[in-house]
$ cat data.tsv   # TSV, C-alpha atoms
chain	number	residue	atom	x	y	z
A	387	MET	CA	-10.14	-12.36	-9.15
A	388	PHE	CA	-9.42	-10.07	-6.22
A	389	CYS	CA	-8.29	-12.95	-3.99
A	390	ARG	CA	-5.86	-13.94	-6.74
A	391	ARG	CA	-4.55	-10.37	-6.72
A	392	LEU	CA	-4.03	-10.50	-2.95
A	393	ALA	CA	-2.29	-13.88	-3.28
A	394	ILE	CA	-0.04	-12.46	-6.00
A	395	LEU	CA	0.80	-9.50	-3.77
A	396	ALA	CA	1.58	-11.83	-0.86
A	397	VAL	CA	3.87	-13.99	-2.99
A	398	ALA	CA	5.56	-10.97	-4.51
A	399	VAL	CA	6.24	-9.41	-1.12
A	400	ALA	CA	7.60	-12.77	0.07
A	401	VAL	CA	10.04	-12.76	-2.85
A	402	LEU	CA	11.08	-9.24	-1.85
A	403	ALA	CA	11.73	-10.35	1.72
A	404	VAL	CA	13.94	-13.37	1.04
A	405	PRO	CA	17.49	-13.04	-0.25
A	406	ALA	CA	18.05	-15.31	-3.25
A	407	SER	CA	20.66	-17.37	-1.38
A	408	THR	CA	18.27	-18.43	1.40
A	409	GLY	CA	16.02	-20.53	-0.82
A	410	LEU	CA	12.59	-22.05	-0.35
A	411	LEU	CA	12.85	-22.90	3.35
A	412	ALA	CA	13.18	-19.25	4.30
A	413	THR	CA	10.16	-18.38	2.16
A	414	ASN	CA	8.08	-21.05	3.89
A	415	ALA	CA	9.21	-19.85	7.31
A	416	LEU	CA	8.18	-16.27	6.42
A	417	ALA	CA	4.77	-17.39	5.19
A	418	GLN	CA	4.15	-19.20	8.48
A	419	GLY	CA	4.87	-16.12	10.61
A	420	THR	CA	2.14	-14.42	12.56
A	421	VAL	CA	0.59	-11.09	11.71
A	422	GLN	CA	1.71	-8.54	14.28
A	423	THR	CA	-1.30	-6.57	15.43
A	424	GLN	CA	-2.57	-4.99	18.59
A	425	PRO	CA	-6.00	-5.69	20.12
A	426	ILE	CA	-7.24	-2.29	18.99
A	427	ASP	CA	-6.27	-2.87	15.33
A	428	PRO	CA	-9.19	-3.35	12.96
A	429	PHE	CA	-9.18	-6.49	10.85
A	430	GLY	CA	-11.76	-6.39	8.09
A	431	GLN	CA	-13.58	-3.41	9.56
A	432	GLU	CA	-16.05	-1.95	7.06
A	433	VAL	CA	-15.35	1.75	6.58
A	434	VAL	CA	-16.18	4.52	4.15
A	435	MET	CA	-13.07	6.14	2.70
A	436	PRO	CA	-13.46	9.79	1.78
A	437	GLU	CA	-12.03	10.88	-1.55
A	438	LYS	CA	-9.06	13.17	-1.00
A	439	THR	CA	-7.19	15.58	-3.20
A	440	ILE	CA	-3.76	14.05	-3.75
A	441	VAL	CA	-0.47	14.71	-5.48
A	442	TYR	CA	1.14	11.53	-6.74
A	443	ALA	CA	3.91	9.95	-8.73
A	444	SER	CA	2.88	7.01	-10.89
A	445	GLY	CA	5.07	4.16	-11.88
A	446	THR	CA	5.61	0.51	-12.58
A	447	ALA	CA	8.03	-1.51	-10.50
A	448	GLU	CA	9.23	-5.01	-9.82
A	449	TRP	CA	8.41	-6.61	-6.50
A	450	ASP	CA	12.04	-7.33	-5.67
A	451	THR	CA	12.73	-3.58	-5.58
A	452	ALA	CA	9.32	-2.41	-4.30
A	453	TYR	CA	10.47	-0.76	-1.07
A	454	ASP	CA	13.30	1.13	-2.78
A	455	THR	CA	11.06	2.18	-5.68
A	456	LEU	CA	8.34	3.49	-3.36
A	457	THR	CA	10.94	5.28	-1.22
A	458	GLU	CA	12.22	7.13	-4.30
A	459	ALA	CA	8.67	7.97	-5.38
A	460	PHE	CA	7.85	9.44	-1.96
A	461	LYS	CA	11.10	11.43	-2.01
A	462	THR	CA	10.00	12.87	-5.37
A	463	ILE	CA	6.61	13.79	-3.89
A	464	GLN	CA	8.21	15.38	-0.82
A	465	ALA	CA	10.58	17.45	-2.97
A	466	TYR	CA	7.61	18.59	-5.06
A	467	LEU	CA	5.65	19.61	-1.93
A	468	ASP	CA	8.67	21.46	-0.53
A	469	LYS	CA	9.32	23.26	-3.83
A	470	ARG	CA	5.68	24.38	-4.06
A	471	GLY	CA	5.34	25.24	-0.38
A	472	LEU	CA	2.55	22.68	0.06
A	473	LYS	CA	1.86	20.70	3.20
A	474	ALA	CA	0.53	17.18	3.50
A	475	ALA	CA	-3.10	17.01	4.65
A	476	GLY	CA	-2.91	13.39	5.77
A	477	PRO	CA	-0.72	10.31	5.69
A	478	ALA	CA	1.06	9.17	2.55
A	479	MET	CA	-0.43	6.24	0.66
A	480	THR	CA	0.33	3.83	-2.12
A	481	ILE	CA	-2.52	3.02	-4.48
A	482	TYR	CA	-1.81	-0.27	-6.24
A	483	THR	CA	-3.66	-0.08	-9.56
A	484	ALA	CA	-2.45	-3.33	-11.15
A	485	MET	CA	-0.19	-6.22	-10.20
A	486	ASP	CA	1.06	-9.59	-11.34
A	487	ASP	CA	3.67	-12.09	-10.17
A	488	THR	CA	6.64	-9.85	-10.91
A	489	THR	CA	5.48	-6.25	-11.31
A	490	PHE	CA	2.95	-3.70	-10.10
A	491	ASN	CA	1.59	-0.31	-11.14
A	492	PHE	CA	1.22	2.27	-8.41
A	493	GLN	CA	0.51	5.83	-7.42
A	494	ALA	CA	2.66	7.01	-4.50
A	495	ALA	CA	0.39	9.74	-3.14
A	496	VAL	CA	0.15	12.39	-0.46
A	497	PRO	CA	-3.14	14.14	0.38
A	498	VAL	CA	-3.12	17.95	0.13
A	499	ALA	CA	-5.70	20.56	1.11
A	500	GLU	CA	-6.18	21.71	-2.49
A	501	ALA	CA	-4.86	20.74	-5.90
A	502	PRO	CA	-1.70	22.57	-6.94
A	503	LYS	CA	-2.08	25.31	-9.54
A	504	GLY	CA	-0.54	24.85	-12.96
A	505	PRO	CA	0.48	21.83	-15.02
A	506	PRO	CA	2.10	18.72	-13.52
A	507	GLN	CA	5.85	18.95	-12.92
A	508	ASP	CA	8.68	16.61	-11.97
A	509	ASN	CA	6.60	13.51	-12.89
A	510	VAL	CA	4.05	14.53	-10.24
A	511	SER	CA	0.34	14.82	-10.99
A	512	SER	CA	-2.70	15.68	-8.92
A	513	GLY	CA	-6.09	14.02	-8.68
A	514	ARG	CA	-8.45	12.32	-6.25
A	515	SER	CA	-7.84	9.23	-4.17
A	516	PRO	CA	-10.35	6.38	-4.39
A	517	GLY	CA	-13.29	6.71	-2.03
A	518	GLY	CA	-16.25	4.64	-0.94
A	519	LYS	CA	-16.83	1.45	1.01
A	520	ALA	CA	-13.75	-0.55	1.95
A	521	LEU	CA	-12.42	-3.11	4.38
A	522	LYS	CA	-9.71	-1.82	6.70
A	523	PHE	CA	-6.82	-3.90	8.02
A	524	VAL	CA	-3.66	-2.94	9.92
A	525	HIS	CA	-0.10	-4.19	9.43
A	526	ARG	CA	2.59	-3.55	12.03
A	527	GLY	CA	6.18	-4.48	11.34
A	528	SER	CA	8.41	-4.73	8.33
A	529	PHE	CA	7.54	-3.95	4.74
A	530	GLU	CA	8.67	-7.47	3.89
A	531	GLY	CA	6.34	-8.83	6.59
A	532	LEU	CA	3.33	-7.63	4.62
A	533	THR	CA	3.19	-11.12	3.09
A	534	ALA	CA	1.58	-12.62	6.18
A	535	THR	CA	-0.86	-9.73	6.44
A	536	TYR	CA	-1.90	-10.01	2.79
A	537	ASP	CA	-2.29	-13.80	3.18
A	538	ALA	CA	-4.65	-13.23	6.12
A	539	ILE	CA	-6.56	-10.53	4.20
A	540	SER	CA	-6.93	-12.81	1.18
A	541	HIS	CA	-8.36	-15.61	3.33
A	542	PHE	CA	-10.72	-13.20	5.11
A	543	VAL	CA	-12.06	-11.66	1.88
A	544	GLU	CA	-12.53	-15.10	0.31
A	545	GLU	CA	-14.17	-16.61	3.40
A	546	LYS	CA	-16.60	-13.70	3.80
A	547	GLN	CA	-17.23	-13.60	0.02
A	548	PHE	CA	-16.75	-9.85	-0.33
A	549	SER	CA	-16.85	-8.36	-3.83
A	550	SER	CA	-13.93	-5.99	-4.13
A	551	LYS	CA	-12.48	-3.58	-6.66
A	552	GLU	CA	-9.28	-4.27	-8.55
A	553	LEU	CA	-7.03	-2.06	-6.44
A	554	LEU	CA	-5.45	-1.91	-3.00
A	555	ILE	CA	-4.47	1.06	-0.86
A	556	GLU	CA	-1.75	1.21	1.79
A	557	GLU	CA	-1.94	4.25	4.07
A	558	TYR	CA	1.24	4.82	6.08
A	559	VAL	CA	0.40	5.69	9.69
A	560	THR	CA	4.12	5.99	10.37
A	561	ASP	CA	6.21	8.14	8.04
A	562	PHE	CA	7.31	5.95	5.13
A	563	LEU	CA	10.54	7.90	4.61
A	564	SER	CA	11.76	8.25	8.19
A	565	THR	CA	10.45	5.14	9.98
A	566	PRO	CA	12.79	2.13	9.96
A	567	ALA	CA	11.53	-0.43	7.42
A	568	ASP	CA	10.85	-2.96	10.19
A	569	LYS	CA	8.76	-0.57	12.35
A	570	LEU	CA	6.04	0.47	9.91
A	571	VAL	CA	2.35	0.81	10.77
A	572	ILE	CA	0.21	0.54	7.64
A	573	ASN	CA	-3.55	0.74	7.19
A	574	ILE	CA	-4.53	-1.48	4.27
A	575	PHE	CA	-7.80	-0.72	2.51
A	576	VAL	CA	-9.60	-3.15	0.22
A	577	PRO	CA	-12.18	-1.09	-1.72
A	578	LEU	CA	-15.52	-2.87	-2.15
A	579	ASN	CA	-17.87	-2.92	-5.13
$ encode --input "data.tsv" --output "structure tokens"
Amino acid sequence: MFCRRLAILAVAVAVLAVPASTGLLATNALAQGTVQTQPIDPFGQEVVMPEKTIVYASGTAEWDTAYDTLTEAFKTIQAYLDKRGLKAAGPAMTIYTAMDDTTFNFQAAVPVAEAPKGPPQDNVSSGRSPGGKALKFVHRGSFEGLTATYDAISHFVEEKQFSSKELLIEEYVTDFLSTPADKLVINIFVPLN
């Protein structure tokens, strides 16, 4: 089931990356691209993710507007942090909680030292990020280029027969809001059962 989820994510990101007028050939060319990594980048490294206190905006979006939707969600989170005088205690992350061929559910989250006081405001909530055993992968390049990375992850997880949870986490090593969309560095975590 998880490999199907990764395949769906890969296809959905491919749809996001290809303008409608370029057709199937451009999609095939994108899928055949290489994953840009550096020798020091982990690929399938087993790690233990600590749970973190986070503030997050939840939503549902379509894959063809994923980057723009996540950008707006992170702007909402940043405005909330600024308004409350809170500082990030780690890199921003997207927690994908459900996905299909056309849509996904997400939490755009930023770790903070402690949960904010008072009730949620501005469509922002607080909670804990997922923790526990996970596989860590790194993507370097464009948001649209995630397709090739997720294809490689899907093959790796299937080949090694890992049992994984029904969610994915992208941790943005580079600032999601200020880094050009083609220069991102993203840690991808696949939580394990």
$ residues_around --input "data.tsv" --residues "segment 500-506 of chain A" --least-positions-apart "2" --cutoff "9 Å" --atoms "all atoms listed in the file" --output "ChimeraX atom specification"
/A:439-441,470,472,497-498,508-513
$ axis_aligned_box --input "data.tsv" --around "segment 532-543 of chain A" --padding-each-side "6 Å" --output "AutoDock Vina command-line options"
--center_x -4.4 --center_y -11.6 --center_z 3.8 --size_x 27.4 --size_y 20.0 --size_z 17.3
$ closest_residue --input "data.tsv" --among "A:Val524, A:Asp561, A:Gln507, A:Lys469" --to "Ile426 of chain A" --atoms "only C-alpha atoms"
A:Val524
$ atom_distance --input "data.tsv" --atom1 "atom CA of Gly445 of chain A" --atom2 "atom CA of Ala520 of chain A"
23.8 Å
$ atom_distance --input "data.tsv" --atom1 "atom CA of Lys461 of chain A" --atom2 "atom CA of Ala534 of chain A"
27.1 Å
$ closest_residue --input "data.tsv" --among "A:Phe575, A:Phe548, A:Phe562, A:Trp449" --to "Ile463 of chain A" --atoms "all atoms listed in the file"
A:Phe562
$ residues_near_point --input "data.tsv" --point "(-14.6, -12.2, 7.0)" --cutoff "12 Å" --atoms "only C-alpha atoms" --output "VMD selection string"
chain A and resid 428 to 432 521 to 523 538 to 549
$ closest_residue --input "data.tsv" --among "A:Gln464, A:Asn491, A:Arg526, A:Ala474" --to "Thr565 of chain A" --atoms "all atoms listed in the file"
A:Arg526
$ closest_residue --input "data.tsv" --among "A:Asp427, A:Asp568, A:Glu557, A:Glu530" --to "Val496 of chain A" --atoms "all atoms listed in the file"
A:Glu557
$ atom_distance --input "data.tsv" --atom1 "atom CA of Tyr466 of chain A" --atom2 "atom CA of Ala443 of chain A"
10.1 Å
$ residues_around --input "data.tsv" --residues "Leu456 of chain A" --least-positions-apart "6" --cutoff "10 Å" --atoms "all atoms listed in the file" --output "list in words"
Ala443, Ser444, Gly445, Ala447, Thr462, Thr480, Phe492, Gln493, Ala494, Phe562 and Leu563 of chain A
$ write_last_selection --input "data.tsv" --atoms "C-alpha atoms" --output "short mmCIF file (atom, residue, chain, number, x, y, z; two decimals), in the frame of the given file"
data_model
loop_
_atom_site.label_atom_id
_atom_site.label_comp_id
_atom_site.auth_asym_id
_atom_site.auth_seq_id
_atom_site.Cartn_x
_atom_site.Cartn_y
_atom_site.Cartn_z
CA ALA A 443 3.91 9.95 -8.73
CA SER A 444 2.88 7.01 -10.89
CA GLY A 445 5.07 4.16 -11.88
CA ALA A 447 8.03 -1.51 -10.50
CA THR A 462 10.00 12.87 -5.37
CA THR A 480 0.33 3.83 -2.12
CA PHE A 492 1.22 2.27 -8.41
CA GLN A 493 0.51 5.83 -7.42
CA ALA A 494 2.66 7.01 -4.50
CA PHE A 562 7.31 5.95 5.13
CA LEU A 563 10.54 7.90 4.61
#
$ residues_near_point --input "data.tsv" --point "(-1.2, 6.5, 1.2)" --cutoff "6 Å" --atoms "only C-alpha atoms" --output "count of residues only"
8
$ closest_residue --input "data.tsv" --among "A:Val434, A:Leu570, A:Ala475, A:Ser564" --to "Phe460 of chain A" --atoms "only C-alpha atoms"
A:Ser564
